[in-house]
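I have placed the structure first, in the form of structure tokens, so that the comments after it can refer back to it.
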Amino acid sequence: MKYNHAQVEKKWQDIWDEKQVFAAKQDYTLPKFYPLVEFPYPSGQGLHAGHPRPYTALDIVARKRRMQGYNVLYTMGWDAFGLPAENYAMQTGVHPKVVTEQNVKRFTEQIKSLGLSFDWNREINTTDPAYYKWTQWIFLRMFHKGLAYKAQAAVNWCTSCKVVLANEEVVGGTCERCHSEVVRKVKSQWMLAITKYAQRLIDDLDGVTYPERVVASQKHWIGRSEGALITFGTTQGDPLQVYTTRPDTLFGATYMVVSPEHPLVEKWAGVIQNMDEVRDYQTAAAKKSDFERTEVAKDKTGVQLLGVTGINPASGAEVPIFISDYVLVSYGTGAIMAVPGHDQRDWEFAKKFGLPIVEVVSGGNIEEAAHTDCDTGVMVNSGMLDGLSVEAAKQKITAFLQGKGVGEPKVNFKLRDWVFSRQRYWGEPIPIVICDSCGFVPLDEKDLPLTLPQVESYHPTDEGDSPLAGMDEWVNTTCPKCGQPAKRETDTMPQWAGSSWYFLRYADPHNTEQLASLEALKYWTPIDWYNGGMEHTTLHLLYSRFWHKFLFDIGVVPTSEPYSRRTSHGMILGEDGVKMSKSRGNVINPDEIVAESGADTLRLYEMFIGDFEKTAPWSTASVKGCKRFLDRVWALRELCTPGDAYTPALESSIHKAIKKVSEDIEVLKFNTAIATLMALLNEVTEKGGLNHAEYKTFLLLLNPFAPHLAEEIWEAMGFGGMVTDQSWPDFDPQKCVDDTIEVVVQILGKIKARVQMPAGASQEDMIAAAKESVQEQLAGKAIAKEIVVPGKLVNFVVR
RNA sequence: GCGGAUAUGGCGGAAUUGGCAGACGCGCUAGACUUAGGAUCUAGUGGGGUAACUCGUGGGGGUUCAAGUCCCUUUAUCCGCACCA
């Protein structure tokens with residue numbers, strides 16, 4: 001009888017669904033396991049071949065854990081706010097909600113067809129008012145704690161989307177989503193003070209298990225540096241503060257640079273002799289995005305402020321002040337002391353403008369280039385610092401400046417506060433009322449959710465305000481505080497908002513009183529294993545960790561970190577070896593594979609394709625091998641004989657396979673786990689068949705990978721019950737050891753022979769047997785050394 | 001430019017602490033079964049050589065009895081960040 005995958009897979013999916021076998025149990029006394037995959041944005045294109053990779057991987061782990069007796073919470077949901085639905089709405093007038101519902105329906109069908117063991121009772125959707133009520137609630141709590149504030153900010157403005165982008169969303173100087181040009185624009189924005197958590201976001205990385213590269217990217221993004229704030233004097237009497245990581249080089253500061261937007265430039269407008277030139281430069285700089293300003297920086301530009309000079313607080317020397325766009329107003333103090341002797345950018349700038357270059361740390365050749373790698377040098381030309389090491393000089397000069405009140409040690413972070421507003425329709429409304437007399441007034445929590453109104457147009461206003469700004473009856477309200485007429489905030493939240501806490505909702509998805517009960521969170525969190533793409537290892541991970549820490553601080557969640565372990569999967573590329581994209585026409589639709597070869601085959605192939613953490617090109621031809629394997633497992637029924645204990649012929653191989661598969665799953669080596677099962681099948685076939693006990697174990701090991709087939713065979717063989725309800729098999733370490741070993745015999749590291757020996761052979765026996773096997777080659781040669789690797793190898797070093 | 005990776009047969013990829021390179025799969029070759037095969041089964045399959053043997057993990061050097069694995073150097077590709085003071 002041929003295996004009808006379409007029929008069989010549907011059958012078991014219905015049975016699992018009907019019997020609710022994957023529903024998390026409401027029994028908090030059981031050992032728990034909470035695996036998490038990143039919930040998808042339900043795009044109009046539907047699922048592509050990349051989606052099932054992480055879903056299947058953690059499904060395998062989840063299924064194994066259930067068989068090991070754990071209460072497992074494995075769930076799916078929809079990160080459904082976002083631009084594509086809104087852009088579609090702008091084009092067609094169809095409400096984003098309608099489009100989103102269609103897409104979710106399609107995604108649900110596709111994902112269900114893969115036989116993933118999600119608990120669908122806990123499905124969530126960020127666009128559901130019952131969900132985003134709590135997203136708004138968290139925002140209000142942040143507002144009350146002063147972590148959400150409004151500020152005039154020079155922001156990235158996408159000329160096409162007409163939205164403000166967080167710095168983090170600007171990729172290569174263009175909009176992350178539409179790739180249009182991004183320019184700078186000053187706008188009043190809601191901000192979240194993530195920088196207040198910067199140090200904790202670094203420190204707490206010590207307590208979690210993340211891949212090294214992920215830890216590195218988090219730290220790099222936060223960008224902690226230790227240095228000093230130093231206040232220079234100016235001939236105008238105004239102090240000019242700079243931040244530097246190299247206070248030791250203060251005596252080498254031969255000029256200063258302030259950013260074109262620096263407020264002192266405006267203050268000095270009357271005394272700057274070349275103010276016209278300065279204004280032209282400011283205008284030009286304002287047109288550039290941060291990216292452009294930094295990109296064109298290979299050719300240094302700038303204008304000296306004629307009429308004002310800076311005064312070095314240590315030496316008293318007067319130094320010229322420039323404006324240049326390579327100094328950003330958003331980092332540090334927006335001003336630097338330039339040390340061309342020891343900073344390459346300053347060096348290039350100094351060369352171009354003919355400024356003096358002074359060596360203050362010995363050991364380099366400042367004629368050729370800046371001497372930047374100078375931590376081990378000795379201070380020179382530095383007055384009181386001469387002769388000191390760099391480290392000692394840092395201490396001394398900082399203390400000296402501090403004593404004079406013109407300097408202090410300072411820790412700085414590259415991380416900037418999170419620009420949280422979007423002038424968009426399809427996002428969570430920000431629950432704030434703007435009152436002429438009371439200012440920004442939060443809604444009462446009882447009045448949440450503040451739902452999205454119907455609008456006539458999904459386009460932002462020409463000024464770039466949200467489409468909500470056009471809804472007078474929605475915008476006009478009364479102040480919750482004083483009752484006078486007031487207006488609602490019309491900005492909405494970014495897509496990151498809903499995804500920053502969704503994993504908490506899974507623990508208690510239907511709670512109407514809290515985002516989740518503390519009891520449920522105490523049981524389920526932290527997440528035991530979170531897998532996601534490398535593209536989310538900075539932004540989403542950082543944002544959600546920040547929110548989690550905030551919620552921890554206000555007592556809503558029981559842990560300070562949300563995820564105990566994070567892993568990352570590699571992307572699946574198209575057959576041509578490049579990223580799948582609609583425009584390239586190399587997108588693989590999993591539906592076709594499911595229809596043609598079955599979900600089990602697709603699951604198996606995606607896990608067998610290669611190292612889980614690395615990118616891998618899709619190969620339709622290779623899918624066949626996995627299908628063939630499953631067909632052979634099915635055909636094994638015919639070769640199966642009664643028997644309730646492993647036979648000597650297979651016992652050792654079975655124990656070894658249990659060990660290998662069990663261990664490989666835990667360390668993401670699904671490809672070698674499958675290879676082990678394939679090899680075991682080959683051995684079984686070679687030996688002419690297997691008995692019931694052996695077949696059962698094989699099916700238990702196969703079940704996480706190909707659950708439909710495993711169930712079907714289990715039932716067809718009349719083994720009783722469902723595979724899903726069985727226990728994960730144990731192995732006996734004693735039985736994983738072979739009776740005989742093959743000892744490799746080498747002379748000078750080259751293999752000359754192989755000898756079969758009993759497993760427990762002593763080193764002496766190994767040497768004796770080895771010698772005998774290579775008698776001729778050893779004849780007449782003196783053995784200088786005998787190297788023995790027990791159970792493996794003997795190597796003779798001869799002269 | 002900085003940071004992080006990666007490089008193994010025709011292809012995807014295996015390979016505890018350095019210890020049999022190429023597991024497993026695709027493809028290919030031969031055979032079997034078939035009216036037929038883009039099905040299935042069996043055997044073989046890194047290169048060179050009749051063979052003994054020899055060469056082989058991007059290139060070059062080194063450490064070691066022994067290197068895909070460690071060190072130095074170099075090249076290529078990918079990813080991230082980008083004048084961060």
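Every chain in the structure tokens has a letter given in the order shown (A, B, ...), and although residue numbers restart at 1 in each chain, ligands are simply numbered from 1 in the order shown.
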From a DSSP pass on the backbone, collect the residues of region 672-799 of chain A flagged as strand (DSSP E or B) and hand them back as a compact mmCIF listing (two decimals) with N, CA, C and O atoms, in the first residue's frame.
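Done, and the output landed in part14.txt:
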# COMPACT_ATOMS: atom_id res chain seq x y z
N LEU A 690 13.55 -5.72 11.25
CA LEU A 690 13.65 -5.38 12.68
C LEU A 690 12.39 -5.87 13.37
O LEU A 690 11.43 -6.30 12.71
N ASN A 691 12.40 -5.84 14.69
CA ASN A 691 11.21 -6.32 15.40
C ASN A 691 10.40 -5.15 15.95
O ASN A 691 10.77 -3.99 15.79
N THR A 740 34.06 -4.70 19.78
CA THR A 740 35.39 -4.67 19.18
C THR A 740 35.69 -3.26 18.68
O THR A 740 34.78 -2.50 18.34
N ILE A 741 36.98 -2.97 18.66
CA ILE A 741 37.38 -1.68 18.15
C ILE A 741 38.34 -1.89 16.99
O ILE A 741 38.99 -2.94 16.89
N GLU A 742 38.42 -0.89 16.12
CA GLU A 742 39.39 -0.96 15.04
C GLU A 742 40.50 0.03 15.40
O GLU A 742 40.26 1.22 15.53
N VAL A 743 41.69 -0.51 15.56
CA VAL A 743 42.82 0.34 15.92
C VAL A 743 43.58 0.72 14.66
O VAL A 743 43.95 -0.15 13.87
N VAL A 744 43.78 1.99 14.48
CA VAL A 744 44.53 2.47 13.32
C VAL A 744 46.01 2.45 13.68
O VAL A 744 46.41 2.93 14.73
N VAL A 745 46.79 1.84 12.80
CA VAL A 745 48.23 1.76 13.05
C VAL A 745 48.95 2.72 12.11
O VAL A 745 48.80 2.64 10.90
N GLN A 746 49.70 3.64 12.70
CA GLN A 746 50.42 4.63 11.89
C GLN A 746 51.92 4.49 12.12
O GLN A 746 52.36 4.09 13.20
N ILE A 747 52.66 4.84 11.07
CA ILE A 747 54.10 5.03 11.25
C ILE A 747 54.38 6.47 10.82
O ILE A 747 54.03 6.85 9.70
N LYS A 750 51.45 8.27 9.28
CA LYS A 750 50.80 7.78 8.06
C LYS A 750 50.17 6.43 8.37
O LYS A 750 50.79 5.57 8.99
N ILE A 751 48.95 6.24 7.89
CA ILE A 751 48.24 5.01 8.20
C ILE A 751 48.83 3.85 7.42
O ILE A 751 48.98 3.91 6.21
N LYS A 752 49.18 2.80 8.16
CA LYS A 752 49.78 1.63 7.52
C LYS A 752 48.91 0.40 7.65
O LYS A 752 49.02 -0.52 6.85
N ALA A 753 48.08 0.33 8.70
CA ALA A 753 47.27 -0.86 8.88
C ALA A 753 46.13 -0.57 9.83
O ALA A 753 46.10 0.48 10.47
N ARG A 754 45.21 -1.52 9.90
CA ARG A 754 44.12 -1.44 10.87
C ARG A 754 44.00 -2.79 11.55
O ARG A 754 44.11 -3.82 10.89
N VAL A 755 43.79 -2.80 12.85
CA VAL A 755 43.71 -4.06 13.59
C VAL A 755 42.41 -4.11 14.39
O VAL A 755 42.05 -3.12 15.03
N GLN A 756 41.71 -5.22 14.32
CA GLN A 756 40.51 -5.41 15.13
C GLN A 756 40.93 -5.92 16.50
O GLN A 756 41.75 -6.83 16.60
N MET A 757 40.39 -5.34 17.55
CA MET A 757 40.75 -5.76 18.90
C MET A 757 39.51 -5.73 19.79
O MET A 757 38.56 -5.01 19.51
N PRO A 758 39.52 -6.47 20.88
CA PRO A 758 38.42 -6.37 21.83
C PRO A 758 38.38 -4.96 22.44
O PRO A 758 39.43 -4.33 22.58
N ILE A 783 62.43 2.16 16.88
CA ILE A 783 61.23 2.89 17.31
C ILE A 783 61.62 3.87 18.40
O ILE A 783 62.08 3.50 19.47
N ALA A 784 61.46 5.15 18.10
CA ALA A 784 61.85 6.19 19.05
C ALA A 784 60.75 6.43 20.07
O ALA A 784 61.00 6.78 21.21
N LYS A 785 59.53 6.22 19.63
CA LYS A 785 58.42 6.57 20.51
C LYS A 785 57.18 5.81 20.05
O LYS A 785 56.97 5.61 18.85
N GLU A 786 56.38 5.40 21.02
CA GLU A 786 55.11 4.75 20.69
C GLU A 786 53.99 5.60 21.27
O GLU A 786 53.94 5.83 22.47
N ILE A 787 53.13 6.08 20.40
CA ILE A 787 52.03 6.92 20.87
C ILE A 787 50.73 6.14 20.76
O ILE A 787 50.42 5.57 19.70
N VAL A 788 50.01 6.09 21.87
CA VAL A 788 48.77 5.32 21.89
C VAL A 788 47.60 6.22 22.27
O VAL A 788 47.65 6.92 23.27
N VAL A 789 46.58 6.21 21.44
CA VAL A 789 45.31 6.83 21.83
C VAL A 789 44.37 5.68 22.14
O VAL A 789 43.98 4.94 21.23
N LEU A 793 44.08 4.37 18.27
CA LEU A 793 45.20 4.53 17.35
C LEU A 793 46.54 4.24 18.02
O LEU A 793 46.71 4.49 19.21
N VAL A 794 47.44 3.68 17.23
CA VAL A 794 48.84 3.53 17.67
C VAL A 794 49.71 4.16 16.60
O VAL A 794 49.51 3.93 15.41
N ASN A 795 50.65 4.99 17.03
CA ASN A 795 51.53 5.64 16.06
C ASN A 795 52.98 5.37 16.48
O ASN A 795 53.38 5.63 17.61
N PHE A 796 53.76 4.81 15.55
CA PHE A 796 55.18 4.55 15.83
C PHE A 796 56.03 5.66 15.23
O PHE A 796 55.91 5.97 14.04
N VAL A 797 56.83 6.26 16.09
CA VAL A 797 57.79 7.25 15.59
C VAL A 797 59.11 6.54 15.40
O VAL A 797 59.68 6.03 16.36
N VAL A 798 59.55 6.45 14.15
CA VAL A 798 60.77 5.69 13.86
C VAL A 798 61.88 6.59 13.33
O VAL A 798 61.63 7.69 12.86
I'd like the contact shell of Ser117 (chain A) - 9 Å cut-off, only C-alpha atoms (C1' of nucleotides), skipping same-chain residues fewer than 3 positions apart - returned as a compact mmCIF listing (two decimals) with C-alpha atoms, in the first residue's frame.
# COMPACT_ATOMS: atom_id res chain seq x y z
CA TRP A 16 -4.38 16.33 17.24
CA VAL A 21 -2.93 17.15 22.45
CA PHE A 22 -0.72 20.22 22.15
CA ALA A 23 -2.66 22.51 24.47
CA ASP A 59 8.61 22.10 17.10
CA ILE A 60 11.05 19.22 17.21
CA ALA A 62 8.74 20.93 21.83
CA ARG A 63 7.60 17.48 20.77
CA TYR A 74 4.50 26.49 22.12
CA THR A 75 2.43 29.08 20.38
CA LYS A 112 -1.28 24.37 10.14
CA TRP A 120 -3.71 27.52 18.87
### Task
Check every residue of chain B for an atom within 6 Å of chain A, counting only C-alpha atoms (C1' of nucleotides), and provide those that qualify as a VMD selection string.
chain B and resid 13 24 to 26 65 to 66 83 85
### Task
Using only C-alpha atoms (C1' of nucleotides), pick whichever of B:G46, B:G58, B:G10, B:G38 has the shortest atom-to-atom distance to G22 (chain B).
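Checking each of B:G46, B:G58, B:G10, B:G38 against G22 (chain B), counting only C-alpha atoms (C1' of nucleotides), the winner is B:G46.
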### Query
Out of region 107-257 of chain A, which residues get helix (DSSP H, G or I) from DSSP, as a PyMOL selection string?
chain A and resi 107-112+120-122+129-144+167-169+194-207+212-222+247-252
Quick one: write out the picked residues with C-alpha atoms as a PDB file, in the first residue's frame?
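out21.pdb, written as the output of this step:
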ATOM      1  CA  PHE A 107      -0.791  32.106   7.063  1.00  0.00           C
ATOM      2  CA  THR A 108      -2.798  30.049   9.524  1.00  0.00           C
ATOM      3  CA  GLU A 109      -3.771  27.515   6.895  1.00  0.00           C
ATOM      4  CA  GLN A 110      -0.230  27.275   5.627  1.00  0.00           C
ATOM      5  CA  ILE A 111       1.317  26.906   9.056  1.00  0.00           C
ATOM      6  CA  LYS A 112      -1.278  24.371  10.137  1.00  0.00           C
ATOM      7  CA  TRP A 120      -3.707  27.522  18.869  1.00  0.00           C
ATOM      8  CA  ASN A 121      -5.887  28.399  21.855  1.00  0.00           C
ATOM      9  CA  ARG A 122      -3.294  30.986  22.734  1.00  0.00           C
ATOM     10  CA  PRO A 129      -7.781  45.819  20.659  1.00  0.00           C
ATOM     11  CA  ALA A 130      -7.864  43.264  23.481  1.00  0.00           C
ATOM     12  CA  TYR A 131      -4.125  42.855  22.882  1.00  0.00           C
ATOM     13  CA  TYR A 132      -3.046  46.395  22.124  1.00  0.00           C
ATOM     14  CA  LYS A 133      -4.925  47.604  25.165  1.00  0.00           C
ATOM     15  CA  TRP A 134      -1.944  46.270  27.063  1.00  0.00           C
ATOM     16  CA  THR A 135       0.615  47.713  24.673  1.00  0.00           C
ATOM     17  CA  GLN A 136      -0.971  51.081  25.400  1.00  0.00           C
ATOM     18  CA  TRP A 137      -1.055  50.270  29.095  1.00  0.00           C
ATOM     19  CA  ILE A 138       2.701  49.652  29.127  1.00  0.00           C
ATOM     20  CA  PHE A 139       3.227  52.950  27.335  1.00  0.00           C
ATOM     21  CA  LEU A 140       1.174  54.779  29.965  1.00  0.00           C
ATOM     22  CA  ARG A 141       3.167  53.160  32.745  1.00  0.00           C
ATOM     23  CA  MET A 142       6.342  54.333  31.060  1.00  0.00           C
ATOM     24  CA  PHE A 143       4.866  57.794  30.715  1.00  0.00           C
ATOM     25  CA  HIS A 144       4.056  57.871  34.426  1.00  0.00           C
ATOM     26  CA  ASN A 167      17.945  55.628  13.651  1.00  0.00           C
ATOM     27  CA  GLU A 168      17.895  51.901  13.955  1.00  0.00           C
ATOM     28  CA  GLU A 169      15.516  51.621  11.049  1.00  0.00           C
ATOM     29  CA  ILE A 194      16.021  53.250  26.625  1.00  0.00           C
ATOM     30  CA  THR A 195      19.358  54.902  27.413  1.00  0.00           C
ATOM     31  CA  LYS A 196      18.447  54.840  31.090  1.00  0.00           C
ATOM     32  CA  TYR A 197      18.647  51.056  30.825  1.00  0.00           C
ATOM     33  CA  ALA A 198      21.853  50.975  28.774  1.00  0.00           C
ATOM     34  CA  GLN A 199      24.128  49.758  31.537  1.00  0.00           C
ATOM     35  CA  ARG A 200      21.706  47.080  32.696  1.00  0.00           C
ATOM     36  CA  LEU A 201      21.167  45.928  29.126  1.00  0.00           C
ATOM     37  CA  ILE A 202      24.901  45.264  28.991  1.00  0.00           C
ATOM     38  CA  ASP A 203      25.362  43.841  32.479  1.00  0.00           C
ATOM     39  CA  ASP A 204      22.515  41.370  32.321  1.00  0.00           C
ATOM     40  CA  LEU A 205      23.903  39.735  29.206  1.00  0.00           C
ATOM     41  CA  ASP A 206      26.136  37.862  31.630  1.00  0.00           C
ATOM     42  CA  GLY A 207      23.174  35.933  32.975  1.00  0.00           C
ATOM     43  CA  GLU A 212      28.691  35.078  21.235  1.00  0.00           C
ATOM     44  CA  ARG A 213      27.975  37.012  18.055  1.00  0.00           C
ATOM     45  CA  VAL A 214      24.597  38.096  19.428  1.00  0.00           C
ATOM     46  CA  VAL A 215      26.108  39.300  22.694  1.00  0.00           C
ATOM     47  CA  ALA A 216      28.715  41.162  20.677  1.00  0.00           C
ATOM     48  CA  SER A 217      26.122  42.877  18.519  1.00  0.00           C
ATOM     49  CA  GLN A 218      24.046  43.915  21.542  1.00  0.00           C
ATOM     50  CA  LYS A 219      27.082  45.387  23.241  1.00  0.00           C
ATOM     51  CA  HIS A 220      28.279  47.022  20.084  1.00  0.00           C
ATOM     52  CA  TRP A 221      24.906  48.625  19.557  1.00  0.00           C
ATOM     53  CA  ILE A 222      24.777  49.978  23.079  1.00  0.00           C
ATOM     54  CA  PRO A 247      41.641  62.828  27.978  1.00  0.00           C
ATOM     55  CA  ASP A 248      45.324  61.904  28.148  1.00  0.00           C
ATOM     56  CA  THR A 249      45.841  63.513  24.745  1.00  0.00           C
ATOM     57  CA  LEU A 250      44.527  66.897  25.876  1.00  0.00           C
ATOM     58  CA  PHE A 251      47.873  68.619  25.235  1.00  0.00           C
ATOM     59  CA  GLY A 252      47.718  67.445  21.631  1.00  0.00           C
TER      60      GLY A 252
END
### Task
Can you work out the spacing between CA of Ala486 (chain A) and CA of Asp128 (chain A) in Å, to one decimal?
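About the pair CA of Ala486 (chain A) and CA of Asp128 (chain A): they are 26.8 Å apart.
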